[in-house]
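Everything on this sheet refers to the single structure shown next.
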Amino acid sequence: MRVSVSWLREYVDLPADLPTGDLEQALVDLGIEVESAVDLAETVTGQLVVGEVREIEELTGFKKPIRFCRVDVGAANGTGEPQEIVCGARNFAVGDRVVVILPGGVLPGGFAIGARKTYGHNSAGMICSAKELGLGDDHSGIIVLGPDVTAKPGDDARPVVGLDDVVLDLEITPDRGYALSLRGLARELSHAFDVPLRDPALVPAPSGTATAVYPVEVRDTVGCDRFAARLVRGVDPNAPTPPWMRQRLVTAGVRSISLPVDITNYVMLELGQPMHAFDADRIVGSLVVRRAEAGEKLTTLDGVNRVLAADDMVICDDTGPISLAAVMGGETSEVVADTTNVLFEAAHWDPAMVGRTARRHKLFSEAAKRWERGVDPAVALVALERAVRLLTEHGGGSPSAEVLDINHVRPRTPISLPADLPTRRVGVEYPPARVVALLERVGCTVAQGADRLSEDPGAVGVASGAGAALSVTPPTWRPDLTDPADLVEEVVRLDGYDRVPSVLPTAPPGRGLTPRQRRRRAVAGSLAERGYVEVLAHPFVSPGLADQLGLPADDPRRPAVRLANPLSEEEPLLRTTLLGPLLGILKRNLGRGHRDLALYEIGAVFHPRVGAGSPPAMGVDRRPTDAEFAAADAVVPAQPVHVAAVLAGDLDPAGWWGPGRPAGWADAIEAARDVLDAAGVTGERVEVRAAEYAPWHPGRCAELRVDGAVVGHAGELHPLVAAALELPRRTCAMELDLDALPAAPVTPAPTVSGFPPALIDVALVVDDSVPAEQVRRALEAGAGALLEDVRLFDVYSGAQLGAGRRSLAYKLTFRAPDRTLTVEEAVAARDAAVAVAAERLGATLRGA
């Protein structure tokens, strides 16, 4: 929200010499973020003066109309002679007073002004438009000062055009909707500087009359609990918006449209009450406020024909919907150039309904922004009175004596607040009398208990009022105050966050990262060290993803949790596997021109608990019981943490040294092995077996087992899956369930031998159905304690081995901790290893 300080000063007596920095700090201390504070006087440097046009010479022979002007700028140019300026605008005449920047000045954006010859004449300076001064978007003509301006030629033009002001750009949090108005901001600043507030909502306003100004029926008093309206007849359709109002709207970032519409926007900024202006002559029959019928259509003011949903609220006449309530009006009833009878509407709408409607139609108007954050329901009649007075003052017309006010607003429910709760929650002494005083400054009505509260605001402790319950009724403009915690926050905020000590608790000894956190970091570090790049995917997926991944109908990954309020209706489900979103990221990067990719993600997947029912309703007035916690946990989806990786393109890059090596299914399996090793699972507990499991290729898929239990799969994606997801053939992936892994044991320090190793290679011929992992395990079992390492380094198959046979070559490393092995000892250990492989798997030495 953008607002000028001069406008704020109309409602709160800020110190006259208040530095901009102090004003910023005061707002920040109140919890209002200041995006920027711009002193407009500093946006234009040099001489910006008032000038009076003395002569105009029309220049011909050019592609566009050009005028050579002589402008009286008083003594500002040092000579007293008229200033010669070439200008292309045509909306001024001789005798008009204009705004002139003289040579040496600099306009917003760093546009320097000098003297030069152009169109055959000398031009020294510029006659300025609003856009050139940064005051608006109007570049069609220069600024012509009105007759009410008393400045003389040569006077400083900054105060005349509003460049002597400070503009604040504020970021208002969603719970502070009242601060989206001058009224709310002025109230906050009155707290900060302890100065009087002139609340613009306290002016008298006529109440509703027995006779309605216009026939209106409200059919849904939940979606609209107050609807007020007043009519002004005989308005001058050509009446312009006064310059001061137009300037304030432009400063706030609101485009000036017409006098009635500008007034509704002005009142919205001033009081926080969004309004709408109807052309009363374009309304057919009576008005009806109701929920829309699904499929109804309405063309809104932005020219878009919108299909309405049953949850939308609309204002209708006999022709159908004429306004999307609280969000945007319709074309058929808008104020137009010849409107003479204006019907002002000020209502109060359900914030939840407005928020859903704005998001459904992607219409985030200034009105909707305020409605979904909460608007004061008590200010509707004041807003109407303010709008009617402004319209009749500047546009003529006569207001009707009838005032419509359909009011179903419920009074605020009092909140019970123990007087010592702020002290107990925050750790700062807030005497009960201080608590009451601060809540009353917020606007609350506080009914004190039977105990008399301490009169001394500086008293330590809660002597006389300790434990007394205060009955606090929040003001109508603070819908965010609903429970005692909200009131405690207000007490702390107004008393000053700086009074709350910043004390970090002492961490208990012996604690650090949990085993789960250590495992996650170890796995992430392991993959990153091997060249994988971590990504974070949204956990939302489309209902068709299971079909794209080729999951069978009975696959446990098919049932998914559906979100009640999804960000996108196209992706309403929570993922049951990391591969779907991760492959989507892979596809997006491939589309951006990347060809060699290795990505990974660690995150939760979500499996619904079928038949669990609904969670119990739990309030905020007390801690839930253990039984309630257990009942709620029984409904929450299971959320195991998985790790997944995907590969495409070359794993080893190509270069002058030769071609690159494309990533293959074996690399995905090796990535899974690396993860298990980083997670503290030793190699002898890991078994890799061939498997068939979607979405992997049935002939290039491996399942990984730890202590006999399947913990994940790795390999090459099925060609149909790669085609469905528009991924390259041979794309590989792996996914493991980290929560299914056993806890990492305490790893003993390794024994390091200083004696040399004995290296022996052995090639064994086995059936090609025998996994290499089983051969490795057999060699380890037979070699005994002298075997330090065994590594597969070659796989060969050929006609000389026979059909269905292959050769697996392993490098065996033998070493003793206390001596140098003899050749006989190493060969005996090798023979023992080969003997066990032959016994278990029918292996034979190649060449034997």
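Chain identifiers are assigned as A, B, and so on, following the order in which chains appear in the structure tokens; residues are numbered from 1 within each chain, and ligands are numbered from 1 in order of appearance.
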### Task
DSSP on the backbone, then: every residue of segment 148-328 of chain A marked alpha helix (DSSP H), written as JSON, numbers by chain.
{"A": [158, 159, 160, 161, 182, 183, 184, 185, 186, 187, 188, 189, 190, 191, 192, 193, 243, 244, 245, 246, 247, 248, 249, 250, 251, 259, 260, 261, 262, 263, 264, 265, 266, 267, 268, 269, 270, 271]}
### Message
Run DSSP on the backbone and tell me which residues of segment 735-765 of chain A come out as strand (DSSP E); list them as number ranges by chain.
### Response
A: 735-737, 758-765
Restrict the calculation to only C-alpha atoms, then for each residue of segment 721-766 of chain A with any atom at most 10 Å from an atom of segment 571-594 of chain A give the closest atom pair and their distance in Å to one decimal, rows by chain and rising residue number, as CSV.
residue,atom,partner,partner_atom,distance
A:Ala722,CA,A:Leu583,CA,9.4
A:Leu725,CA,A:Lys587,CA,7.7
A:Glu726,CA,A:Lys587,CA,7.1
A:Leu727,CA,A:Lys587,CA,6.2
A:Pro728,CA,A:Lys587,CA,9.0
A:Thr731,CA,A:Leu583,CA,9.6
A:Ala733,CA,A:Leu579,CA,7.9
A:Met734,CA,A:Leu579,CA,8.4
A:Glu735,CA,A:Leu579,CA,7.5
A:Leu736,CA,A:Leu578,CA,9.6
A:Asp737,CA,A:Thr577,CA,9.9
Output of the above residues as a PDB file, in the first residue's frame, restricted to C-alpha atoms:
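Ended up saving to result37.pdb:
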ATOM      1  CA  ALA A 722       9.952 -42.361 -21.025  1.00  0.00           C
ATOM      2  CA  LEU A 725       6.777 -38.273 -19.957  1.00  0.00           C
ATOM      3  CA  GLU A 726       8.602 -37.018 -23.091  1.00  0.00           C
ATOM      4  CA  LEU A 727      12.004 -38.051 -21.743  1.00  0.00           C
ATOM      5  CA  PRO A 728      14.977 -39.467 -23.654  1.00  0.00           C
ATOM      6  CA  THR A 731      16.723 -42.376 -18.823  1.00  0.00           C
ATOM      7  CA  ALA A 733      16.387 -43.584 -11.979  1.00  0.00           C
ATOM      8  CA  MET A 734      16.543 -44.977  -8.484  1.00  0.00           C
ATOM      9  CA  GLU A 735      14.369 -44.540  -5.383  1.00  0.00           C
ATOM     10  CA  LEU A 736      14.959 -45.784  -1.834  1.00  0.00           C
ATOM     11  CA  ASP A 737      12.906 -45.615   1.340  1.00  0.00           C
TER      12      ASP A 737
END
Counting only C-alpha atoms, what is within 10 Å of segment 77-87 of chain A, bar same-chain residues fewer than 4 positions away, as a PDB file with N, CA, C and O atoms, in the first residue's frame?
ATOM      1  N   GLN A  47      16.019  23.594 -10.587  1.00  0.00           N
ATOM      2  CA  GLN A  47      14.945  24.588 -10.474  1.00  0.00           C
ATOM      3  C   GLN A  47      13.677  24.081 -11.156  1.00  0.00           C
ATOM      4  O   GLN A  47      13.619  23.944 -12.373  1.00  0.00           O
ATOM      5  N   VAL A  49       9.935  25.387 -11.329  1.00  0.00           N
ATOM      6  CA  VAL A  49       9.240  26.628 -10.968  1.00  0.00           C
ATOM      7  C   VAL A  49       7.905  26.717 -11.687  1.00  0.00           C
ATOM      8  O   VAL A  49       7.623  25.987 -12.635  1.00  0.00           O
ATOM      9  N   GLY A  51       5.539  28.747 -14.130  1.00  0.00           N
ATOM     10  CA  GLY A  51       5.702  29.658 -15.260  1.00  0.00           C
ATOM     11  C   GLY A  51       4.360  30.070 -15.818  1.00  0.00           C
ATOM     12  O   GLY A  51       3.373  29.329 -15.692  1.00  0.00           O
ATOM     13  N   GLU A  52       4.329  31.248 -16.438  1.00  0.00           N
ATOM     14  CA  GLU A  52       3.099  31.722 -17.090  1.00  0.00           C
ATOM     15  C   GLU A  52       3.385  31.913 -18.569  1.00  0.00           C
ATOM     16  O   GLU A  52       4.332  32.612 -18.955  1.00  0.00           O
ATOM     17  N   VAL A  53       2.551  31.273 -19.419  1.00  0.00           N
ATOM     18  CA  VAL A  53       2.765  31.307 -20.860  1.00  0.00           C
ATOM     19  C   VAL A  53       2.419  32.709 -21.376  1.00  0.00           C
ATOM     20  O   VAL A  53       1.285  33.182 -21.205  1.00  0.00           O
ATOM     21  N   ARG A  54       3.388  33.370 -22.021  1.00  0.00           N
ATOM     22  CA  ARG A  54       3.191  34.728 -22.572  1.00  0.00           C
ATOM     23  C   ARG A  54       2.879  34.695 -24.064  1.00  0.00           C
ATOM     24  O   ARG A  54       2.020  35.448 -24.536  1.00  0.00           O
ATOM     25  N   GLU A  55       3.620  33.866 -24.810  1.00  0.00           N
ATOM     26  CA  GLU A  55       3.414  33.805 -26.256  1.00  0.00           C
ATOM     27  C   GLU A  55       3.506  32.348 -26.710  1.00  0.00           C
ATOM     28  O   GLU A  55       4.244  31.559 -26.143  1.00  0.00           O
ATOM     29  N   ILE A  56       2.748  32.048 -27.791  1.00  0.00           N
ATOM     30  CA  ILE A  56       2.818  30.732 -28.423  1.00  0.00           C
ATOM     31  C   ILE A  56       2.887  30.939 -29.928  1.00  0.00           C
ATOM     32  O   ILE A  56       2.038  31.619 -30.514  1.00  0.00           O
ATOM     33  N   GLU A  57       3.938  30.361 -30.536  1.00  0.00           N
ATOM     34  CA  GLU A  57       4.091  30.415 -31.989  1.00  0.00           C
ATOM     35  C   GLU A  57       3.981  28.994 -32.519  1.00  0.00           C
ATOM     36  O   GLU A  57       4.746  28.118 -32.127  1.00  0.00           O
ATOM     37  N   LEU A  59       4.603  26.131 -35.002  1.00  0.00           N
ATOM     38  CA  LEU A  59       5.619  25.816 -36.004  1.00  0.00           C
ATOM     39  C   LEU A  59       5.051  24.798 -36.980  1.00  0.00           C
ATOM     40  O   LEU A  59       4.422  23.810 -36.579  1.00  0.00           O
ATOM     41  N   PRO A  65       2.660  18.461 -34.623  1.00  0.00           N
ATOM     42  CA  PRO A  65       2.524  19.868 -34.226  1.00  0.00           C
ATOM     43  C   PRO A  65       3.557  20.245 -33.170  1.00  0.00           C
ATOM     44  O   PRO A  65       3.747  19.527 -32.187  1.00  0.00           O
ATOM     45  N   ILE A  66       4.221  21.350 -33.374  1.00  0.00           N
ATOM     46  CA  ILE A  66       5.242  21.849 -32.456  1.00  0.00           C
ATOM     47  C   ILE A  66       4.929  23.313 -32.152  1.00  0.00           C
ATOM     48  O   ILE A  66       4.516  24.084 -33.035  1.00  0.00           O
ATOM     49  N   ARG A  67       5.163  23.694 -30.900  1.00  0.00           N
ATOM     50  CA  ARG A  67       4.900  25.086 -30.491  1.00  0.00           C
ATOM     51  C   ARG A  67       6.173  25.669 -29.874  1.00  0.00           C
ATOM     52  O   ARG A  67       6.864  25.009 -29.098  1.00  0.00           O
ATOM     53  N   PHE A  68       6.427  26.916 -30.277  1.00  0.00           N
ATOM     54  CA  PHE A  68       7.549  27.659 -29.686  1.00  0.00           C
ATOM     55  C   PHE A  68       6.945  28.673 -28.710  1.00  0.00           C
ATOM     56  O   PHE A  68       6.168  29.548 -29.096  1.00  0.00           O
ATOM     57  N   CYS A  69       7.289  28.484 -27.410  1.00  0.00           N
ATOM     58  CA  CYS A  69       6.629  29.259 -26.350  1.00  0.00           C
ATOM     59  C   CYS A  69       7.629  30.175 -25.658  1.00  0.00           C
ATOM     60  O   CYS A  69       8.827  29.861 -25.545  1.00  0.00           O
ATOM     61  N   ARG A  70       7.091  31.304 -25.187  1.00  0.00           N
ATOM     62  CA  ARG A  70       7.844  32.183 -24.284  1.00  0.00           C
ATOM     63  C   ARG A  70       7.095  32.189 -22.953  1.00  0.00           C
ATOM     64  O   ARG A  70       5.923  32.549 -22.891  1.00  0.00           O
ATOM     65  N   VAL A  71       7.808  31.750 -21.904  1.00  0.00           N
ATOM     66  CA  VAL A  71       7.187  31.520 -20.611  1.00  0.00           C
ATOM     67  C   VAL A  71       7.848  32.400 -19.575  1.00  0.00           C
ATOM     68  O   VAL A  71       9.084  32.417 -19.441  1.00  0.00           O
ATOM     69  N   ASP A  72       7.020  33.146 -18.848  1.00  0.00           N
ATOM     70  CA  ASP A  72       7.519  34.003 -17.765  1.00  0.00           C
ATOM     71  C   ASP A  72       7.821  33.128 -16.551  1.00  0.00           C
ATOM     72  O   ASP A  72       6.928  32.502 -15.990  1.00  0.00           O
ATOM     73  N   VAL A  73       9.092  33.068 -16.160  1.00  0.00           N
ATOM     74  CA  VAL A  73       9.490  32.300 -14.978  1.00  0.00           C
ATOM     75  C   VAL A  73      10.030  33.227 -13.895  1.00  0.00           C
ATOM     76  O   VAL A  73      10.779  32.800 -13.011  1.00  0.00           O
ATOM     77  N   VAL A 100       7.583  24.403 -14.989  1.00  0.00           N
ATOM     78  CA  VAL A 100       8.760  24.457 -15.858  1.00  0.00           C
ATOM     79  C   VAL A 100       9.984  23.999 -15.068  1.00  0.00           C
ATOM     80  O   VAL A 100      10.197  24.422 -13.933  1.00  0.00           O
ATOM     81  N   LEU A 102      14.042  24.198 -15.374  1.00  0.00           N
ATOM     82  CA  LEU A 102      15.038  24.983 -16.085  1.00  0.00           C
ATOM     83  C   LEU A 102      16.298  24.166 -16.340  1.00  0.00           C
ATOM     84  O   LEU A 102      16.511  23.118 -15.706  1.00  0.00           O
ATOM     85  N   PRO A 103      17.142  24.612 -17.281  1.00  0.00           N
ATOM     86  CA  PRO A 103      18.379  23.880 -17.577  1.00  0.00           C
ATOM     87  C   PRO A 103      19.208  23.632 -16.311  1.00  0.00           C
ATOM     88  O   PRO A 103      19.305  24.492 -15.441  1.00  0.00           O
ATOM     89  N   ALA A 115      19.915  23.233 -22.351  1.00  0.00           N
ATOM     90  CA  ALA A 115      19.517  24.177 -23.406  1.00  0.00           C
ATOM     91  C   ALA A 115      20.076  23.673 -24.727  1.00  0.00           C
ATOM     92  O   ALA A 115      21.257  23.309 -24.816  1.00  0.00           O
ATOM     93  N   ARG A 116      19.225  23.627 -25.757  1.00  0.00           N
ATOM     94  CA  ARG A 116      19.694  23.138 -27.050  1.00  0.00           C
ATOM     95  C   ARG A 116      18.832  23.730 -28.147  1.00  0.00           C
ATOM     96  O   ARG A 116      17.747  24.289 -27.887  1.00  0.00           O
ATOM     97  N   LYS A 117      19.312  23.583 -29.369  1.00  0.00           N
ATOM     98  CA  LYS A 117      18.554  24.065 -30.519  1.00  0.00           C
ATOM     99  C   LYS A 117      17.781  22.904 -31.117  1.00  0.00           C
ATOM    100  O   LYS A 117      18.346  21.845 -31.404  1.00  0.00           O
ATOM    101  N   THR A 118      16.486  23.079 -31.268  1.00  0.00           N
ATOM    102  CA  THR A 118      15.639  22.025 -31.809  1.00  0.00           C
ATOM    103  C   THR A 118      14.515  22.651 -32.619  1.00  0.00           C
ATOM    104  O   THR A 118      13.999  23.727 -32.272  1.00  0.00           O
ATOM    105  N   TYR A 119      14.141  22.010 -33.705  1.00  0.00           N
ATOM    106  CA  TYR A 119      13.098  22.513 -34.611  1.00  0.00           C
ATOM    107  C   TYR A 119      13.372  23.954 -35.042  1.00  0.00           C
ATOM    108  O   TYR A 119      12.452  24.758 -35.219  1.00  0.00           O
ATOM    109  N   GLY A 120      14.646  24.293 -35.177  1.00  0.00           N
ATOM    110  CA  GLY A 120      15.025  25.607 -35.673  1.00  0.00           C
ATOM    111  C   GLY A 120      14.981  26.715 -34.648  1.00  0.00           C
ATOM    112  O   GLY A 120      15.157  27.888 -35.003  1.00  0.00           O
ATOM    113  N   HIS A 121      14.743  26.372 -33.365  1.00  0.00           N
ATOM    114  CA  HIS A 121      14.669  27.387 -32.322  1.00  0.00           C
ATOM    115  C   HIS A 121      15.468  26.917 -31.097  1.00  0.00           C
ATOM    116  O   HIS A 121      15.674  25.713 -30.891  1.00  0.00           O
ATOM    117  N   ASN A 122      15.899  27.894 -30.297  1.00  0.00           N
ATOM    118  CA  ASN A 122      16.565  27.569 -29.045  1.00  0.00           C
ATOM    119  C   ASN A 122      15.512  27.212 -27.988  1.00  0.00           C
ATOM    120  O   ASN A 122      14.523  27.932 -27.835  1.00  0.00           O
ATOM    121  N   SER A 123      15.761  26.124 -27.287  1.00  0.00           N
ATOM    122  CA  SER A 123      14.847  25.695 -26.235  1.00  0.00           C
ATOM    123  C   SER A 123      15.648  25.507 -24.958  1.00  0.00           C
ATOM    124  O   SER A 123      16.597  24.714 -24.923  1.00  0.00           O
ATOM    125  N   ALA A 124      15.278  26.230 -23.903  1.00  0.00           N
ATOM    126  CA  ALA A 124      15.999  26.184 -22.629  1.00  0.00           C
ATOM    127  C   ALA A 124      15.034  25.745 -21.532  1.00  0.00           C
ATOM    128  O   ALA A 124      14.312  26.571 -20.964  1.00  0.00           O
ATOM    129  N   GLY A 125      15.012  24.440 -21.283  1.00  0.00           N
ATOM    130  CA  GLY A 125      14.117  23.928 -20.254  1.00  0.00           C
ATOM    131  C   GLY A 125      13.009  23.084 -20.832  1.00  0.00           C
ATOM    132  O   GLY A 125      12.990  22.745 -22.018  1.00  0.00           O
ATOM    133  N   MET A 126      12.037  22.742 -19.987  1.00  0.00           N
ATOM    134  CA  MET A 126      10.918  21.889 -20.392  1.00  0.00           C
ATOM    135  C   MET A 126       9.677  22.270 -19.603  1.00  0.00           C
ATOM    136  O   MET A 126       9.744  22.530 -18.408  1.00  0.00           O
ATOM    137  N   ILE A 127       8.546  22.296 -20.323  1.00  0.00           N
ATOM    138  CA  ILE A 127       7.251  22.410 -19.672  1.00  0.00           C
ATOM    139  C   ILE A 127       6.789  20.986 -19.376  1.00  0.00           C
ATOM    140  O   ILE A 127       6.725  20.147 -20.265  1.00  0.00           O
ATOM    141  N   CYS A 128       6.468  20.671 -18.112  1.00  0.00           N
ATOM    142  CA  CYS A 128       6.383  19.281 -17.640  1.00  0.00           C
ATOM    143  C   CYS A 128       4.959  18.740 -17.625  1.00  0.00           C
ATOM    144  O   CYS A 128       3.994  19.455 -17.305  1.00  0.00           O
ATOM    145  N   ILE A 142       0.622  18.654 -20.732  1.00  0.00           N
ATOM    146  CA  ILE A 142       1.385  19.144 -19.590  1.00  0.00           C
ATOM    147  C   ILE A 142       0.425  19.563 -18.470  1.00  0.00           C
ATOM    148  O   ILE A 142      -0.795  19.642 -18.649  1.00  0.00           O
ATOM    149  N   GLY A 154       7.941  31.961 -11.214  1.00  0.00           N
ATOM    150  CA  GLY A 154       9.233  31.931 -10.538  1.00  0.00           C
ATOM    151  C   GLY A 154       9.194  31.241  -9.189  1.00  0.00           C
ATOM    152  O   GLY A 154      10.245  30.892  -8.648  1.00  0.00           O
TER     153      GLY A 154
END
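Atom CA of Val770 of chain A to atom CA of Glu670 of chain A spans 18.9 Å [interatomic distance, one decimal].
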#### Entry: For atom CA of Ala352 of chain A and atom CA of Pro321 of chain A, the interatomic separation in Å (one decimal)
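For atom CA of Ala352 of chain A relative to atom CA of Pro321 of chain A, the distance reads 20.6 Å.
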### Message
Using only C-alpha atoms, can you tell me which of A:Glu393, A:Asp652, A:Asp220, A:Asp199 comes closest to Leu185 of chain A?
### Response
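Of the candidates, the smallest distance to Leu185 of chain A is held by A:Asp199.
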### Query
Could you state the separation of atom CA of Ala724 of chain A and atom CA of Gln548 of chain A in Å, given to one decimal place?
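Pair atom CA of Ala724 of chain A / atom CA of Gln548 of chain A returns 5.8 Å.
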Excluding segment 284-289 of chain A and its own-chain neighbours fewer than 4 positions away, which residues fall within 9 Å of it when counting only C-alpha atoms? Please give them as a compact mmCIF listing (two decimals) with all heavy atoms, in the first residue's frame.
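What ended up in result.txt:
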# COMPACT_ATOMS: atom_id res chain seq x y z
N TYR A 214 -33.82 1.93 -2.57
CA TYR A 214 -33.94 1.11 -3.77
C TYR A 214 -34.36 -0.29 -3.31
O TYR A 214 -33.86 -0.75 -2.28
CB TYR A 214 -32.60 1.05 -4.52
CG TYR A 214 -32.76 0.76 -6.01
CD1 TYR A 214 -32.86 1.78 -6.92
CD2 TYR A 214 -32.80 -0.56 -6.47
CE1 TYR A 214 -33.01 1.52 -8.28
CE2 TYR A 214 -32.95 -0.83 -7.82
CZ TYR A 214 -33.05 0.23 -8.73
OH TYR A 214 -33.22 -0.04 -10.06
N PRO A 215 -35.21 -0.95 -4.01
CA PRO A 215 -35.64 -2.30 -3.56
C PRO A 215 -34.49 -3.31 -3.64
O PRO A 215 -33.95 -3.56 -4.73
CB PRO A 215 -36.78 -2.65 -4.52
CG PRO A 215 -36.57 -1.79 -5.72
CD PRO A 215 -35.95 -0.53 -5.23
N VAL A 216 -34.11 -3.86 -2.49
CA VAL A 216 -32.99 -4.80 -2.41
C VAL A 216 -33.41 -5.98 -1.55
O VAL A 216 -34.01 -5.81 -0.48
CB VAL A 216 -31.72 -4.13 -1.82
CG1 VAL A 216 -30.60 -5.17 -1.69
CG2 VAL A 216 -31.27 -2.97 -2.69
N GLU A 217 -33.06 -7.20 -1.98
CA GLU A 217 -33.30 -8.41 -1.21
C GLU A 217 -31.98 -9.15 -1.02
O GLU A 217 -31.28 -9.44 -2.00
CB GLU A 217 -34.29 -9.32 -1.93
CG GLU A 217 -34.56 -10.62 -1.18
CD GLU A 217 -35.39 -11.60 -2.01
OE1 GLU A 217 -35.77 -11.25 -3.15
OE2 GLU A 217 -35.63 -12.73 -1.52
N VAL A 218 -31.62 -9.43 0.23
CA VAL A 218 -30.41 -10.20 0.53
C VAL A 218 -30.84 -11.61 0.89
O VAL A 218 -31.46 -11.83 1.93
CB VAL A 218 -29.60 -9.56 1.67
CG1 VAL A 218 -28.38 -10.42 2.00
CG2 VAL A 218 -29.18 -8.14 1.30
N ARG A 219 -30.51 -12.58 0.06
CA ARG A 219 -30.95 -13.95 0.27
C ARG A 219 -29.94 -14.79 1.05
O ARG A 219 -30.28 -15.86 1.53
CB ARG A 219 -31.22 -14.62 -1.08
CG ARG A 219 -32.38 -14.00 -1.85
CD ARG A 219 -32.60 -14.71 -3.18
NE ARG A 219 -33.70 -14.09 -3.93
CZ ARG A 219 -34.02 -14.43 -5.17
NH1 ARG A 219 -33.35 -15.41 -5.79
NH2 ARG A 219 -35.02 -13.82 -5.79
N ASP A 220 -28.71 -14.32 1.13
CA ASP A 220 -27.68 -15.07 1.86
C ASP A 220 -27.04 -14.12 2.86
O ASP A 220 -26.14 -13.34 2.52
CB ASP A 220 -26.63 -15.62 0.89
CG ASP A 220 -25.64 -16.56 1.57
OD1 ASP A 220 -25.45 -16.44 2.80
OD2 ASP A 220 -25.04 -17.40 0.88
N CYS A 224 -23.28 -12.17 2.95
CA CYS A 224 -23.42 -10.71 3.03
C CYS A 224 -24.28 -10.39 4.25
O CYS A 224 -25.50 -10.50 4.20
CB CYS A 224 -24.05 -10.16 1.76
SG CYS A 224 -24.38 -8.38 1.80
N PHE A 227 -25.80 -4.79 4.02
CA PHE A 227 -25.88 -4.18 2.70
C PHE A 227 -26.53 -2.81 2.86
O PHE A 227 -27.69 -2.71 3.27
CB PHE A 227 -26.69 -5.04 1.74
CG PHE A 227 -26.59 -4.64 0.30
CD1 PHE A 227 -25.65 -5.23 -0.53
CD2 PHE A 227 -27.40 -3.63 -0.22
CE1 PHE A 227 -25.54 -4.86 -1.87
CE2 PHE A 227 -27.29 -3.24 -1.55
CZ PHE A 227 -26.36 -3.86 -2.38
N ALA A 280 -27.77 4.15 -11.65
CA ALA A 280 -29.11 3.72 -11.24
C ALA A 280 -30.05 3.57 -12.43
O ALA A 280 -30.98 2.75 -12.39
CB ALA A 280 -29.69 4.72 -10.23
N MET A 313 -20.66 -14.89 -4.77
CA MET A 313 -21.78 -14.01 -4.44
C MET A 313 -21.94 -13.00 -5.57
O MET A 313 -20.95 -12.47 -6.08
CB MET A 313 -21.53 -13.28 -3.13
CG MET A 313 -21.60 -14.15 -1.89
SD MET A 313 -23.28 -14.65 -1.44
CE MET A 313 -24.00 -13.09 -0.95
N VAL A 314 -23.18 -12.73 -5.93
CA VAL A 314 -23.45 -11.77 -7.00
C VAL A 314 -24.57 -10.83 -6.59
O VAL A 314 -25.39 -11.14 -5.71
CB VAL A 314 -23.85 -12.50 -8.32
CG1 VAL A 314 -22.67 -13.21 -8.92
CG2 VAL A 314 -25.00 -13.46 -8.08
N ILE A 315 -24.55 -9.65 -7.20
CA ILE A 315 -25.67 -8.70 -7.10
C ILE A 315 -26.38 -8.75 -8.44
O ILE A 315 -25.75 -8.60 -9.50
CB ILE A 315 -25.17 -7.29 -6.79
CG1 ILE A 315 -24.37 -7.28 -5.47
CG2 ILE A 315 -26.33 -6.31 -6.70
CD1 ILE A 315 -23.73 -5.94 -5.16
N CYS A 316 -27.68 -8.98 -8.41
CA CYS A 316 -28.46 -9.18 -9.64
C CYS A 316 -29.58 -8.15 -9.74
O CYS A 316 -30.08 -7.65 -8.73
CB CYS A 316 -29.06 -10.58 -9.68
SG CYS A 316 -27.88 -11.91 -9.41
N ASP A 317 -29.96 -7.87 -10.97
CA ASP A 317 -31.22 -7.20 -11.23
C ASP A 317 -32.08 -8.15 -12.06
O ASP A 317 -31.80 -9.35 -12.12
CB ASP A 317 -31.02 -5.83 -11.89
CG ASP A 317 -30.42 -5.93 -13.29
OD1 ASP A 317 -30.20 -7.07 -13.77
OD2 ASP A 317 -30.17 -4.88 -13.90
N ASP A 318 -33.10 -7.63 -12.69
CA ASP A 318 -34.01 -8.52 -13.44
C ASP A 318 -33.33 -9.17 -14.64
O ASP A 318 -33.83 -10.17 -15.17
CB ASP A 318 -35.24 -7.74 -13.91
CG ASP A 318 -36.15 -7.36 -12.75
OD1 ASP A 318 -35.89 -7.85 -11.62
OD2 ASP A 318 -37.08 -6.56 -12.95
N THR A 319 -32.19 -8.64 -15.09
CA THR A 319 -31.50 -9.21 -16.24
C THR A 319 -30.51 -10.29 -15.84
O THR A 319 -29.96 -10.98 -16.70
CB THR A 319 -30.74 -8.11 -17.00
OG1 THR A 319 -29.70 -7.57 -16.17
CG2 THR A 319 -31.68 -7.00 -17.42
N PRO A 321 -27.00 -11.40 -13.13
CA PRO A 321 -25.89 -10.82 -12.36
C PRO A 321 -25.36 -9.54 -13.01
O PRO A 321 -25.13 -9.50 -14.22
CB PRO A 321 -24.83 -11.93 -12.38
CG PRO A 321 -25.59 -13.19 -12.63
CD PRO A 321 -26.72 -12.80 -13.53
N ALA A 325 -19.85 -9.75 -6.50
CA ALA A 325 -19.84 -9.05 -5.22
C ALA A 325 -18.47 -9.07 -4.57
O ALA A 325 -17.80 -10.11 -4.53
CB ALA A 325 -20.88 -9.68 -4.29
#### Entry: Neighbour list for Ala740 of chain A as an MDAnalysis selection string, cut-off 10 Å, only C-alpha atoms, skip fewer than 6 positions in-chain
chainID A and resid 640:642 706 709:712
